[in-house]
Amino acid sequence: ATAQTSSSSTKDFPPHAKILEGFTKVVSKANITPMYTLYQRKKDAQMYAELPRTYASKKYYIALTVASGETYAGLQGNDMYVYWRRYNKRIALMQPQMDKRASGDKGAASSVKRLFTDRLLVDLPIVTIGPGGGPVIDMDALFVTNASRFFGSAGSVSSSARLGVFSIATAKAFKSNIEVAFEVPSSRGNLKKLHYSVSEIPASTGYKPRVADQRVGFFTTSYSDLAKYNDRETRVRYINRWKIEKADSKLKISPPKSPLVFYIEHTTPIRYRRWVKDGILAWNKAFENIGISDAIEVYYQDLASGAHMDKDPEDVNYNFVRWL
C-alpha cells in the first residue's frame, strides 16, 4: 500500500447513511463546523468521527489525562503532536520525529531525515466516507483498544474493555478541538476515565520561541541539533512560556491583549478557594515588572450555581487549578 492524500470514491466504501444508522450527531455548540464531526450510539458505547476532507494538511495536538481512577487523577500526563496519513483503505495516526534535527548544513539535514523517521502510532480501517468527503473512523478502536499507545502503562485496560465493557464519558465537538473520554476497566479491574483533548494546531500564531538559559530553572522543550560540533551546543532548549503581550506597547504599564485565565475547580473546598485565588493572582506583581497589568484573571467553577461547569478541566483550551 502507498500513502494517499486524496479521497477515494465513496463507492469503495459502505454507504455513510447505512453505517451511521442509529447514531446521533454530537452538537456541542450551535452554528459551527466542528473540527471533527462526532457520532455516538450510546446503547453500545460506539463512537465514530468524520475527519475533514483536508485532514492530510492538518497537524494536531493531543493532551492526555487520566481523569479518574488513580491517586493523581486529573493531572495532565503525556501530550502528542500528530498528523493523519492515508494508506489505501486504512488511515494511520503518525507522530512526527522532532527530537533530531540539523541546521545549516543541507547534507546533514538530508542524513537526519533519512536516519530518524516519523512513527506510526495507530492505524485503522476507514469505515466510510462522510458527506463532507472526509474519512470516518472508529473512535473506540482508536482510543479504547489502543489506549496504551497513548497513555503507556496508565492506559492498560482489561480484556473486557476490548470486548465492549466500557462507556462514553464525554463527547464534545468544537470548532478547533474535540473532547472525548471513556470510562474503562483497567487491567486491575478498577474503573478509570481516560480523557483525550484533541486540538488543531494553527499554522502561525506569531509566537517567538526563547532559548533557555541553563543557569535559570525553566520547563523546556528541546531537541538535538546534529549539525553542531560542540557537544555542549548540540542540545537546543526553549523555555515553555506564555504568549502574553501589551494591549498598547506605547504604555509603560498596559493591560494585556489577552489575559491568562485560570479556573479553580469546583472540587476545591470552599474554605480554601479564596486563598488559592489570592495565590494565583499574586503572580500579577511579576507581570507588572515587565509592564503588563492584570495579566492573570481567576474564576471559580461552582457546582451550586453552575458557573463554568460547562468547561472540562481536561480541555486544552482552559487552565484549571485542581484539588487532589
# chains A, B, ... in the order shown; residues from 1 in each chain; ligands from 1
>>> closest_atom_pairs(of="segment 189-258 of chain A", to="segment 276-299 of chain A", cutoff="7 Å", atoms="only C-alpha atoms", output="Markdown table")
| residue | atom | partner | partner_atom | distance |
| --- | --- | --- | --- | --- |
| A:Lys246 | CA | A:Ile292 | CA | 6.1 |
| A:Lys252 | CA | A:Gly291 | CA | 5.7 |
| A:Ile253 | CA | A:Gly291 | CA | 4.2 |
| A:Ser254 | CA | A:Ile292 | CA | 5.0 |
| A:Pro255 | CA | A:Ser293 | CA | 4.8 |
| A:Pro256 | CA | A:Ala295 | CA | 5.9 |
>>> write_last_selection(atoms="N, CA and C atoms", output="PDB file, in the first residue's frame")
ATOM      1  N   LYS A 246       1.416  43.287  25.590  1.00  0.00           N
ATOM      2  CA  LYS A 246       0.702  44.501  25.972  1.00  0.00           C
ATOM      3  C   LYS A 246      -0.393  44.826  24.963  1.00  0.00           C
ATOM      4  N   LYS A 252       3.909  52.412  29.434  1.00  0.00           N
ATOM      5  CA  LYS A 252       4.877  51.778  30.322  1.00  0.00           C
ATOM      6  C   LYS A 252       4.254  50.574  31.002  1.00  0.00           C
ATOM      7  N   ILE A 253       3.025  50.730  31.457  1.00  0.00           N
ATOM      8  CA  ILE A 253       2.260  49.612  32.021  1.00  0.00           C
ATOM      9  C   ILE A 253       0.917  49.543  31.299  1.00  0.00           C
ATOM     10  N   SER A 254       0.662  48.411  30.680  1.00  0.00           N
ATOM     11  CA  SER A 254      -0.539  48.238  29.871  1.00  0.00           C
ATOM     12  C   SER A 254      -1.237  46.943  30.252  1.00  0.00           C
ATOM     13  N   PRO A 255      -2.565  46.907  30.143  1.00  0.00           N
ATOM     14  CA  PRO A 255      -3.237  45.612  30.301  1.00  0.00           C
ATOM     15  C   PRO A 255      -2.848  44.701  29.132  1.00  0.00           C
ATOM     16  N   PRO A 256      -3.082  43.418  29.244  1.00  0.00           N
ATOM     17  CA  PRO A 256      -2.689  42.506  28.169  1.00  0.00           C
ATOM     18  C   PRO A 256      -3.690  42.497  27.021  1.00  0.00           C
TER      19      PRO A 256
END
>>> closest_atom_pairs(of="segment 60-131 of chain A", to="segment 221-233 of chain A", cutoff="6 Å", atoms="only C-alpha atoms", output="JSON lines")
{"residue": "A:Asp99", "atom": "CA", "partner": "A:Tyr223", "partner_atom": "CA", "distance": 4.5}
{"residue": "A:Lys100", "atom": "CA", "partner": "A:Ser224", "partner_atom": "CA", "distance": 5.0}
{"residue": "A:Arg101", "atom": "CA", "partner": "A:Asp225", "partner_atom": "CA", "distance": 4.9}
{"residue": "A:Ala102", "atom": "CA", "partner": "A:Ala227", "partner_atom": "CA", "distance": 4.7}
{"residue": "A:Ser103", "atom": "CA", "partner": "A:Ala227", "partner_atom": "CA", "distance": 5.8}
>>> residues_around(residues="Leu121 of chain A", least_positions_apart="2", cutoff="8 Å", atoms="only C-alpha atoms", output="short mmCIF file (atom, residue, chain, number, x, y, z; two decimals) with C-alpha atoms, in the first residue's frame")
data_model
loop_
_atom_site.label_atom_id
_atom_site.label_comp_id
_atom_site.auth_asym_id
_atom_site.auth_seq_id
_atom_site.Cartn_x
_atom_site.Cartn_y
_atom_site.Cartn_z
CA ALA A 92 -2.65 5.97 10.21
CA LEU A 93 -2.10 8.37 13.08
CA MET A 94 1.54 9.45 12.77
CA GLN A 95 3.89 11.11 15.24
CA ARG A 119 6.48 6.97 13.96
CA ASP A 123 -3.66 2.52 12.06
CA ARG A 149 -0.32 3.53 22.79
#
>>> select_by_dssp(residues="segment 224-310 of chain A", states="helix (DSSP H, G or I)", output="VMD selection string")
chain A and resid 231 to 234 270 to 281 284 to 288
>>> write_last_selection(atoms="N, CA and C atoms", output="short mmCIF file (atom, residue, chain, number, x, y, z; two decimals), in the first residue's frame")
data_model
loop_
_atom_site.label_atom_id
_atom_site.label_comp_id
_atom_site.auth_asym_id
_atom_site.auth_seq_id
_atom_site.Cartn_x
_atom_site.Cartn_y
_atom_site.Cartn_z
N ASP A 231 29.65 19.50 21.69
CA ASP A 231 28.68 18.69 22.42
C ASP A 231 27.80 19.52 23.35
N ARG A 232 28.36 20.61 23.87
CA ARG A 232 27.60 21.46 24.78
C ARG A 232 26.51 22.24 24.06
N GLU A 233 26.59 22.35 22.75
CA GLU A 233 25.62 23.12 21.98
C GLU A 233 24.64 22.22 21.23
N THR A 234 24.89 20.92 21.22
CA THR A 234 24.06 20.01 20.44
C THR A 234 22.60 20.02 20.89
N ILE A 270 -14.53 25.01 49.70
CA ILE A 270 -14.92 26.43 49.69
C ILE A 270 -14.06 27.25 50.64
N ARG A 271 -13.72 26.68 51.79
CA ARG A 271 -12.96 27.47 52.77
C ARG A 271 -11.54 27.80 52.30
N TYR A 272 -11.06 27.11 51.27
CA TYR A 272 -9.71 27.37 50.78
C TYR A 272 -9.69 28.15 49.46
N ARG A 273 -10.84 28.31 48.83
CA ARG A 273 -10.85 28.88 47.49
C ARG A 273 -10.27 30.29 47.44
N ARG A 274 -10.61 31.10 48.43
CA ARG A 274 -10.12 32.48 48.44
C ARG A 274 -8.60 32.51 48.44
N TRP A 275 -7.99 31.64 49.24
CA TRP A 275 -6.55 31.65 49.37
C TRP A 275 -5.86 31.11 48.12
N VAL A 276 -6.50 30.15 47.49
CA VAL A 276 -5.96 29.64 46.22
C VAL A 276 -5.99 30.75 45.16
N LYS A 277 -7.10 31.47 45.13
CA LYS A 277 -7.23 32.57 44.18
C LYS A 277 -6.19 33.66 44.44
N ASP A 278 -6.03 34.03 45.71
CA ASP A 278 -5.05 35.07 46.06
C ASP A 278 -3.63 34.64 45.67
N GLY A 279 -3.34 33.35 45.85
CA GLY A 279 -2.02 32.85 45.49
C GLY A 279 -1.74 32.95 44.01
N ILE A 280 -2.76 32.66 43.20
CA ILE A 280 -2.59 32.75 41.74
C ILE A 280 -2.43 34.21 41.32
N LEU A 281 -3.27 35.07 41.87
CA LEU A 281 -3.23 36.49 41.50
C LEU A 281 -1.95 37.19 41.96
N ASN A 284 0.55 38.45 39.47
CA ASN A 284 0.37 39.68 38.71
C ASN A 284 1.47 40.71 39.00
N LYS A 285 2.02 40.65 40.22
CA LYS A 285 3.10 41.58 40.56
C LYS A 285 4.32 41.35 39.67
N ALA A 286 4.59 40.07 39.36
CA ALA A 286 5.74 39.76 38.50
C ALA A 286 5.51 40.30 37.09
N PHE A 287 4.27 40.18 36.61
CA PHE A 287 3.98 40.67 35.26
C PHE A 287 4.02 42.20 35.19
N GLU A 288 3.66 42.84 36.29
CA GLU A 288 3.75 44.30 36.32
C GLU A 288 5.19 44.77 36.15
#
>>> residues_around(residues="Val66 of chain A", least_positions_apart="3", cutoff="8 Å", atoms="only C-alpha atoms", output="PyMOL selection string")
chain A and resi 69-70+73-77+154+192-195
>>> write_last_selection(atoms="C-alpha atoms", output="compact mmCIF listing (two decimals), in the first residue's frame")
# COMPACT_ATOMS: atom_id res chain seq x y z
CA GLY A 69 -9.44 6.05 38.97
CA GLU A 70 -5.93 6.66 40.29
CA ALA A 73 -6.12 11.56 38.53
CA GLY A 74 -6.74 14.95 36.99
CA LEU A 75 -3.12 15.85 36.29
CA GLN A 76 -2.39 16.07 32.59
CA GLY A 77 0.06 13.37 31.63
CA ALA A 154 -1.62 4.13 32.69
CA LYS A 192 -10.71 4.57 35.09
CA LYS A 193 -11.65 7.55 32.92
CA LEU A 194 -9.29 8.28 30.02
CA HIS A 195 -9.68 11.77 28.55
>>> atom_distance(atom1="atom CA of Ile137 of chain A", atom2="atom CA of Ala49 of chain A")
5.5 Å
